$ cat data-v4.tsv   # TSV, C-alpha atoms
chain	number	residue	atom	x	y	z
A	1163	MET	CA	212.42	6.48	-54.40
A	1164	THR	CA	209.02	7.23	-55.92
A	1165	SER	CA	205.78	6.73	-54.03
A	1166	SER	CA	204.72	3.86	-56.29
A	1167	ALA	CA	208.02	2.08	-55.64
A	1168	ILE	CA	207.50	2.51	-51.90
A	1169	ARG	CA	203.99	1.08	-52.19
A	1170	LEU	CA	205.31	-1.89	-54.17
A	1171	PHE	CA	207.99	-2.45	-51.55
A	1172	TRP	CA	205.40	-2.52	-48.76
A	1173	ALA	CA	203.13	-4.78	-50.75
A	1174	LEU	CA	205.93	-7.28	-51.33
A	1175	LEU	CA	207.03	-7.08	-47.71
A	1176	LEU	CA	203.52	-7.74	-46.44
A	1177	ALA	CA	203.05	-10.61	-48.88
A	1178	ALA	CA	206.35	-12.16	-47.80
A	1179	LEU	CA	205.45	-11.77	-44.12
A	1180	GLY	CA	202.01	-13.28	-44.67
A	1181	PHE	CA	203.42	-16.18	-46.61
A	1182	SER	CA	206.17	-16.94	-44.12
A	1183	SER	CA	203.94	-16.67	-41.05
A	1184	LEU	CA	200.87	-18.50	-42.36
A	1185	SER	CA	202.46	-21.11	-44.58
A	1186	GLY	CA	204.47	-22.46	-41.68
A	1187	CYS	CA	201.30	-24.04	-40.35
A	1188	THR	CA	200.46	-25.68	-43.65
A	1189	ASN	CA	203.89	-26.86	-44.70
A	1190	PRO	CA	203.42	-30.38	-46.10
A	1191	ASN	CA	206.93	-31.35	-45.05
A	1192	LEU	CA	206.01	-31.17	-41.38
A	1193	VAL	CA	205.37	-34.53	-39.78
A	1194	ARG	CA	201.69	-34.77	-38.91
A	1195	VAL	CA	199.75	-37.51	-37.19
A	1196	LYS	CA	196.66	-38.09	-39.30
A	1197	PRO	CA	193.34	-38.87	-37.57
A	1198	TRP	CA	193.55	-42.53	-38.60
A	1199	GLN	CA	197.10	-42.88	-37.27
A	1200	ARG	CA	196.19	-42.14	-33.67
A	1201	GLY	CA	195.78	-45.72	-32.55
A	1202	THR	CA	198.99	-45.66	-30.54
A	1203	LEU	CA	198.19	-42.28	-29.00
A	1204	ALA	CA	194.73	-43.55	-28.05
A	1205	ASP	CA	196.19	-46.64	-26.36
A	1206	VAL	CA	195.43	-46.97	-22.67
A	1207	THR	CA	199.15	-47.01	-21.84
A	1208	MET	CA	199.38	-43.41	-23.10
A	1209	ASN	CA	197.04	-42.27	-20.34
A	1210	PRO	CA	199.06	-41.06	-17.34
A	1211	ASP	CA	196.02	-41.52	-15.06
A	1212	ARG	CA	195.35	-45.14	-15.98
A	1213	ASP	CA	196.31	-46.62	-12.61
A	1214	PRO	CA	194.21	-45.40	-9.63
A	1215	LEU	CA	196.66	-46.86	-7.11
A	1216	ALA	CA	199.61	-45.05	-8.71
A	1217	ILE	CA	197.63	-41.80	-8.70
A	1218	ALA	CA	196.74	-42.20	-5.01
A	1219	ASP	CA	200.39	-42.95	-4.26
A	1220	ALA	CA	201.63	-39.90	-6.16
A	1221	GLU	CA	199.01	-37.71	-4.51
A	1222	HIS	CA	200.08	-38.94	-1.07
A	1223	VAL	CA	203.75	-38.19	-1.80
A	1224	TYR	CA	202.82	-34.76	-3.12
A	1225	PHE	CA	200.67	-33.97	-0.10
A	1226	SER	CA	203.32	-35.15	2.35
A	1227	ARG	CA	206.08	-33.19	0.64
A	1228	GLU	CA	204.23	-29.98	-0.15
A	1229	SER	CA	201.65	-29.93	2.64
A	1230	ALA	CA	199.23	-29.12	-0.10
A	1231	THR	CA	196.69	-30.97	-2.08
A	1232	GLY	CA	194.64	-30.36	-5.15
A	1233	GLY	CA	195.73	-28.89	-8.43
A	1234	ARG	CA	195.17	-32.14	-10.30
A	1235	GLY	CA	191.77	-31.31	-11.66
A	1236	VAL	CA	190.09	-30.81	-8.29
A	1237	GLY	CA	189.07	-27.67	-6.45
A	1238	GLY	CA	191.60	-25.84	-4.32
A	1239	SER	CA	194.65	-23.85	-5.14
A	1240	GLY	CA	197.30	-25.86	-3.37
A	1241	CYS	CA	197.84	-22.95	-0.98
A	1242	GLY	CA	198.00	-25.16	2.09
A	1243	CYS	CA	194.54	-24.24	3.33
A	1244	ASN	CA	193.33	-27.81	3.32
B	1221	MET	CA	193.54	16.01	-53.79
B	1222	SER	CA	194.85	12.49	-53.69
B	1223	ARG	CA	192.58	9.52	-54.40
B	1224	PRO	CA	191.93	7.31	-51.35
B	1225	THR	CA	193.61	3.96	-51.76
B	1226	ASN	CA	192.75	0.51	-50.41
B	1227	GLN	CA	196.20	-0.83	-51.14
B	1228	PRO	CA	196.89	-2.05	-47.57
B	1229	ILE	CA	193.73	-4.17	-47.67
B	1230	GLN	CA	194.73	-5.63	-51.02
B	1231	CYS	CA	198.17	-6.42	-49.64
B	1232	LEU	CA	196.71	-8.19	-46.59
B	1233	ALA	CA	194.32	-10.17	-48.78
B	1234	LEU	CA	197.19	-11.23	-51.00
B	1235	ALA	CA	199.26	-12.25	-48.00
B	1236	ALA	CA	196.38	-14.29	-46.59
B	1237	LEU	CA	195.80	-15.99	-49.92
B	1238	LEU	CA	199.45	-16.85	-50.29
B	1239	GLY	CA	199.63	-18.19	-46.77
B	1240	LEU	CA	196.43	-20.22	-46.78
B	1241	PHE	CA	196.63	-21.68	-50.27
B	1242	PRO	CA	198.55	-24.81	-49.23
B	1243	ALA	CA	195.80	-25.73	-46.74
B	1244	ALA	CA	193.25	-25.89	-49.55
B	1245	ALA	CA	195.61	-28.00	-51.64
B	1246	PHE	CA	195.46	-30.91	-49.13
B	1247	ALA	CA	191.71	-31.24	-48.78
B	1248	GLY	CA	190.37	-34.78	-49.09
B	1249	VAL	CA	187.25	-36.20	-50.71
B	1250	LYS	CA	184.40	-33.74	-50.28
B	1251	VAL	CA	180.74	-33.37	-51.20
B	1252	GLY	CA	180.27	-33.72	-54.95
B	1253	ASP	CA	183.46	-35.75	-55.51
B	1254	ALA	CA	183.43	-39.31	-56.80
B	1255	PHE	CA	184.25	-41.67	-53.94
B	1256	PRO	CA	187.21	-43.99	-54.61
B	1257	ALA	CA	186.25	-47.48	-55.79
B	1258	LEU	CA	185.85	-49.71	-52.74
B	1259	ASP	CA	186.67	-52.88	-54.68
B	1260	ALA	CA	190.05	-51.48	-55.69
B	1261	ALA	CA	191.03	-50.32	-52.22
B	1262	GLY	CA	192.51	-53.58	-50.98
B	1263	LEU	CA	189.97	-54.00	-48.18
B	1264	SER	CA	190.08	-57.31	-46.32
B	1265	GLY	CA	187.98	-59.19	-43.81
B	1266	GLY	CA	184.84	-59.89	-45.78
B	1267	GLU	CA	182.89	-59.75	-48.97
B	1268	LEU	CA	182.19	-56.33	-50.43
B	1269	PRO	CA	178.52	-56.07	-51.46
B	1270	ALA	CA	177.55	-54.79	-54.91
B	1271	THR	CA	177.30	-51.03	-54.50
B	1272	SER	CA	176.62	-49.97	-58.07
B	1273	GLY	CA	173.44	-47.89	-58.28
B	1274	LYS	CA	172.89	-48.13	-54.51
B	1275	ILE	CA	172.89	-45.60	-51.70
B	1276	VAL	CA	175.98	-46.40	-49.69
B	1277	LEU	CA	177.09	-45.23	-46.28
B	1278	VAL	CA	180.84	-45.64	-45.84
B	1279	ASP	CA	181.97	-45.23	-42.25
B	1280	PHE	CA	185.63	-45.00	-41.27
B	1281	CYS	CA	186.11	-46.39	-37.81
B	1282	ALA	CA	188.72	-47.93	-35.50
B	1283	SER	CA	188.72	-50.11	-32.41
B	1284	TRP	CA	190.57	-47.41	-30.44
B	1285	CYS	CA	188.03	-44.73	-31.29
B	1286	ALA	CA	185.32	-44.35	-28.63
B	1287	PRO	CA	182.80	-42.41	-30.77
B	1288	CYS	CA	183.13	-45.14	-33.41
B	1289	LYS	CA	181.96	-47.70	-30.86
B	1290	ALA	CA	179.09	-45.41	-29.87
B	1291	SER	CA	178.03	-45.03	-33.50
B	1292	PHE	CA	177.74	-48.73	-34.32
B	1293	PRO	CA	174.41	-49.39	-32.51
B	1294	ALA	CA	172.95	-46.38	-34.35
B	1295	TYR	CA	174.20	-47.68	-37.71
B	1296	ALA	CA	172.75	-51.08	-36.83
B	1297	LYS	CA	169.33	-49.41	-36.38
B	1298	LEU	CA	169.77	-47.49	-39.63
B	1299	TYR	CA	170.66	-50.70	-41.38
B	1300	ALA	CA	167.61	-52.49	-39.98
B	1301	ASP	CA	165.33	-49.66	-41.14
B	1302	TYR	CA	166.86	-48.86	-44.51
B	1303	ALA	CA	168.53	-52.01	-45.83
B	1304	PRO	CA	165.18	-53.29	-47.20
B	1305	LYS	CA	164.92	-49.97	-49.08
B	1306	GLY	CA	168.33	-50.41	-50.65
B	1307	LEU	CA	170.82	-48.84	-48.25
B	1308	ILE	CA	174.24	-50.45	-47.96
B	1309	ILE	CA	176.47	-49.72	-45.00
B	1310	VAL	CA	180.17	-50.48	-45.24
B	1311	ALA	CA	182.24	-49.87	-42.13
B	1312	VAL	CA	185.93	-49.52	-42.98
B	1313	SER	CA	188.17	-50.13	-40.00
B	1314	VAL	CA	191.57	-48.45	-40.16
B	1315	ASP	CA	192.97	-50.75	-37.48
B	1316	GLN	CA	196.48	-51.92	-38.18
B	1317	ASP	CA	196.25	-54.39	-35.30
B	1318	GLN	CA	194.29	-57.35	-36.63
B	1319	ALA	CA	193.53	-58.77	-33.18
B	1320	ALA	CA	192.10	-55.43	-32.02
B	1321	TYR	CA	189.96	-55.24	-35.15
B	1322	GLN	CA	188.64	-58.78	-34.71
B	1323	ALA	CA	187.85	-58.17	-31.03
B	1324	PHE	CA	186.03	-54.95	-32.00
B	1325	VAL	CA	183.85	-56.73	-34.55
B	1326	LYS	CA	183.24	-59.69	-32.27
B	1327	LYS	CA	182.10	-57.43	-29.44
B	1328	LEU	CA	179.86	-55.09	-31.46
B	1329	LYS	CA	178.49	-57.71	-33.88
B	1330	PRO	CA	177.48	-55.23	-36.59
B	1331	PRO	CA	174.77	-56.52	-38.95
B	1332	PHE	CA	176.35	-54.60	-41.83
B	1333	VAL	CA	179.58	-55.28	-43.70
B	1334	THR	CA	182.76	-54.44	-41.82
B	1335	LEU	CA	186.03	-54.47	-43.71
B	1336	ARG	CA	189.56	-53.63	-42.76
B	1337	ASP	CA	191.79	-51.14	-44.49
B	1338	ALA	CA	194.92	-52.77	-43.09
B	1339	LYS	CA	197.35	-50.77	-45.21
B	1340	GLN	CA	195.33	-47.59	-44.64
B	1341	GLN	CA	195.26	-47.11	-48.39
B	1342	LEU	CA	191.62	-46.01	-48.76
B	1343	VAL	CA	191.65	-43.76	-45.70
B	1344	ASN	CA	194.77	-42.05	-47.04
B	1345	GLU	CA	193.11	-41.55	-50.39
B	1346	VAL	CA	189.95	-40.17	-48.84
B	1347	ASN	CA	191.96	-38.18	-46.28
B	1348	VAL	CA	189.30	-38.26	-43.58
B	1349	PRO	CA	189.28	-35.14	-41.42
B	1350	THR	CA	188.51	-36.90	-38.16
B	1351	MET	CA	187.60	-40.28	-36.68
B	1352	PRO	CA	184.93	-41.38	-37.23
B	1353	THR	CA	183.81	-39.84	-40.50
B	1354	CYS	CA	181.00	-41.23	-42.60
B	1355	TYR	CA	180.31	-40.55	-46.27
B	1356	LEU	CA	176.85	-40.94	-47.71
B	1357	LEU	CA	177.09	-41.74	-51.40
B	1358	GLY	CA	174.35	-41.29	-53.93
B	1359	THR	CA	173.43	-43.85	-56.55
B	1360	ASP	CA	175.97	-42.28	-58.91
B	1361	GLY	CA	178.80	-43.03	-56.46
B	1362	ARG	CA	179.38	-39.39	-55.64
B	1363	VAL	CA	179.62	-38.09	-52.10
B	1364	ARG	CA	176.37	-36.38	-51.14
B	1365	PHE	CA	176.84	-35.88	-47.40
B	1366	VAL	CA	179.78	-36.05	-45.02
B	1367	HIS	CA	179.53	-36.46	-41.25
B	1368	GLU	CA	182.61	-35.66	-39.24
B	1369	GLY	CA	182.58	-37.34	-35.85
B	1370	TYR	CA	179.57	-38.94	-34.23
B	1371	HIS	CA	177.33	-36.75	-32.07
B	1372	GLY	CA	174.78	-39.26	-30.81
B	1373	GLU	CA	171.09	-38.78	-31.54
B	1374	GLU	CA	171.74	-35.58	-33.48
B	1375	SER	CA	173.98	-37.37	-36.00
B	1376	GLU	CA	171.58	-40.28	-36.32
B	1377	GLN	CA	168.61	-37.98	-37.07
B	1378	GLU	CA	170.62	-36.02	-39.63
B	1379	ILE	CA	171.73	-39.20	-41.39
B	1380	ARG	CA	168.14	-40.49	-41.44
B	1381	LYS	CA	166.94	-37.28	-43.10
B	1382	GLU	CA	169.73	-37.48	-45.66
B	1383	ILE	CA	169.03	-41.12	-46.46
B	1384	ASP	CA	165.35	-40.23	-46.89
B	1385	THR	CA	166.37	-37.45	-49.29
B	1386	LEU	CA	168.49	-39.84	-51.34
B	1387	LEU	CA	165.78	-42.50	-51.38
B	1388	THR	CA	163.25	-39.92	-52.58
B	1389	GLU	CA	165.63	-38.88	-55.35
B	1390	LYS	CA	166.14	-42.50	-56.28
B	1391	THR	CA	162.42	-43.24	-56.57
B	1392	ASN	CA	161.59	-39.88	-58.20
B	1393	PRO	CA	164.54	-39.05	-60.48
B	1394	SER	CA	164.21	-35.57	-61.96

$ encode --input "data-v4.tsv" --output "structure tokens"
Amino acid sequence: MTSSAIRLFWALLLAALGFSSLSGCTNPNLVRVKPWQRGTLADVTMNPDRDPLAIADAEHVYFSRESATGGRGVGGSGCGCN
Amino acid sequence: MSRPTNQPIQCLALAALLGLFPAAAFAGVKVGDAFPALDAAGLSGGELPATSGKIVLVDFCASWCAPCKASFPAYAKLYADYAPKGLIIVAVSVDQDQAAYQAFVKKLKPPFVTLRDAKQQLVNEVNVPTMPTCYLLGTDGRVRFVHEGYHGEESEQEIRKEIDTLLTEKTNPS
């Protein structure tokens, strides 16, 4: 195999790798939610923290079971040093 | 002595071009493009003002979009200041839920025209990059400025400067 053939081989290999790895993100056949289609996602019912009472309840169960608190966006590591 | 070669760099550039080309192929309406005709977009909910030869601000908004709500008072101020000078603001709601759209308009009471793109035909054609996005069109109907998102005072000041630029061009055509 000549050196130019080897160079061509590597060039094609790199091009194929680049195409396969980068084009995956831009494949038009993938289902994408467009910015104007996010009405359902933006609905209040999609927010897991929408009910303060349910959050307090879940936190209480978690604390009672694990003897730990925190880890839901508050300070503390949940190591039991509360 | 062999000649130094930059073949690996060329290969990487080729690979990047091949991989990224499809992303460029799906870009929407951008600066310099002619904006789709509003009267042919199937917009409902009101009367479309005559936009020919006018400076037009087209804002894509939705009732579920918090920055859109934040932007409306600023657009109302812009409208109050610039409507006498010939600015037209058209807010295009992409709401599919008619009740949500009506509640949105009723609550914010915009002084400018608000229409609904119920079938999301225009927004698809324009392919807005984010919500909200506003397009400032020159008197020739071409997009002169695009604002992605609404960033409070900063956005309002930028839009004011751009409207001033367009008004100056309108009064002093070169």

$ atom_distance --input "data-v4.tsv" --atom1 "CA of Pro1287 (chain B)" --atom2 "CA of Gly1372 (chain B)"
8.6 Å

$ interface_residues --input "data-v4.tsv" --of "chain A" --to "chain B" --cutoff "9 Å" --atoms "all atoms listed in the file" --output "list in words"
Arg1169, Trp1172, Ala1173, Leu1174, Leu1176, Ala1177, Ala1178, Leu1179, Gly1180, Phe1181, Ser1182, Ser1183, Leu1184, Ser1185, Gly1186, Cys1187, Thr1188, Asn1189, Pro1190, Lys1196, Pro1197, Trp1198, Gln1199, Arg1200, Gly1201, Thr1202, Ala1204 and Asp1205 of chain A

$ write_last_selection --input "data-v4.tsv" --atoms "C-alpha atoms" --output "PDB file, keeping the file's coordinate frame"
ATOM      1  CA  ARG A1169     203.990   1.080 -52.190  1.00  0.00           C
ATOM      2  CA  TRP A1172     205.400  -2.520 -48.760  1.00  0.00           C
ATOM      3  CA  ALA A1173     203.130  -4.780 -50.750  1.00  0.00           C
ATOM      4  CA  LEU A1174     205.930  -7.280 -51.330  1.00  0.00           C
ATOM      5  CA  LEU A1176     203.520  -7.740 -46.440  1.00  0.00           C
ATOM      6  CA  ALA A1177     203.050 -10.610 -48.880  1.00  0.00           C
ATOM      7  CA  ALA A1178     206.350 -12.160 -47.800  1.00  0.00           C
ATOM      8  CA  LEU A1179     205.450 -11.770 -44.120  1.00  0.00           C
ATOM      9  CA  GLY A1180     202.010 -13.280 -44.670  1.00  0.00           C
ATOM     10  CA  PHE A1181     203.420 -16.180 -46.610  1.00  0.00           C
ATOM     11  CA  SER A1182     206.170 -16.940 -44.120  1.00  0.00           C
ATOM     12  CA  SER A1183     203.940 -16.670 -41.050  1.00  0.00           C
ATOM     13  CA  LEU A1184     200.870 -18.500 -42.360  1.00  0.00           C
ATOM     14  CA  SER A1185     202.460 -21.110 -44.580  1.00  0.00           C
ATOM     15  CA  GLY A1186     204.470 -22.460 -41.680  1.00  0.00           C
ATOM     16  CA  CYS A1187     201.300 -24.040 -40.350  1.00  0.00           C
ATOM     17  CA  THR A1188     200.460 -25.680 -43.650  1.00  0.00           C
ATOM     18  CA  ASN A1189     203.890 -26.860 -44.700  1.00  0.00           C
ATOM     19  CA  PRO A1190     203.420 -30.380 -46.100  1.00  0.00           C
ATOM     20  CA  LYS A1196     196.660 -38.090 -39.300  1.00  0.00           C
ATOM     21  CA  PRO A1197     193.340 -38.870 -37.570  1.00  0.00           C
ATOM     22  CA  TRP A1198     193.550 -42.530 -38.600  1.00  0.00           C
ATOM     23  CA  GLN A1199     197.100 -42.880 -37.270  1.00  0.00           C
ATOM     24  CA  ARG A1200     196.190 -42.140 -33.670  1.00  0.00           C
ATOM     25  CA  GLY A1201     195.780 -45.720 -32.550  1.00  0.00           C
ATOM     26  CA  THR A1202     198.990 -45.660 -30.540  1.00  0.00           C
ATOM     27  CA  ALA A1204     194.730 -43.550 -28.050  1.00  0.00           C
ATOM     28  CA  ASP A1205     196.190 -46.640 -26.360  1.00  0.00           C
TER      29      ASP A1205
END

$ atom_distance --input "data-v4.tsv" --atom1 "CA of Thr1271 (chain B)" --atom2 "CA of Pro1331 (chain B)"
16.7 Å

$ residues_near_point --input "data-v4.tsv" --point "(184.2, -37.5, -58.7)" --cutoff "9 Å" --atoms "all atoms listed in the file" --output "PyMOL selection string"
chain B and resi 1249+1252-1256+1361-1363

$ write_last_selection --input "data-v4.tsv" --atoms "C-alpha atoms" --output "PDB file, in the coordinates of the input"
ATOM      1  CA  VAL B1249     187.250 -36.200 -50.710  1.00  0.00           C
ATOM      2  CA  GLY B1252     180.270 -33.720 -54.950  1.00  0.00           C
ATOM      3  CA  ASP B1253     183.460 -35.750 -55.510  1.00  0.00           C
ATOM      4  CA  ALA B1254     183.430 -39.310 -56.800  1.00  0.00           C
ATOM      5  CA  PHE B1255     184.250 -41.670 -53.940  1.00  0.00           C
ATOM      6  CA  PRO B1256     187.210 -43.990 -54.610  1.00  0.00           C
ATOM      7  CA  GLY B1361     178.800 -43.030 -56.460  1.00  0.00           C
ATOM      8  CA  ARG B1362     179.380 -39.390 -55.640  1.00  0.00           C
ATOM      9  CA  VAL B1363     179.620 -38.090 -52.100  1.00  0.00           C
TER      10      VAL B1363
END

$ residues_around --input "data-v4.tsv" --residues "region 1384-1394 of chain B" --least-positions-apart "5" --cutoff "9 Å" --atoms "only C-alpha atoms" --output "list in words"
Lys1274, Ile1275, Lys1305, Gly1306, Leu1307, Leu1357, Gly1358, Thr1359, Arg1364 and Ile1379 of chain B

$ atom_distance --input "data-v4.tsv" --atom1 "CA of Phe1365 (chain B)" --atom2 "CA of Leu1263 (chain B)"
22.4 Å

$ residues_near_point --input "data-v4.tsv" --point "(173.3, -51.5, -33.1)" --cutoff "12 Å" --atoms "all atoms listed in the file" --output "PyMOL selection string"
chain B and resi 1288-1301+1325+1327-1332+1376

$ closest_residue --input "data-v4.tsv" --among "B:Asp1337, B:Asp1279, B:Asp1259, B:Glu1267" --to "Gly1369 (chain B)" --atoms "only C-alpha atoms"
B:Asp1279
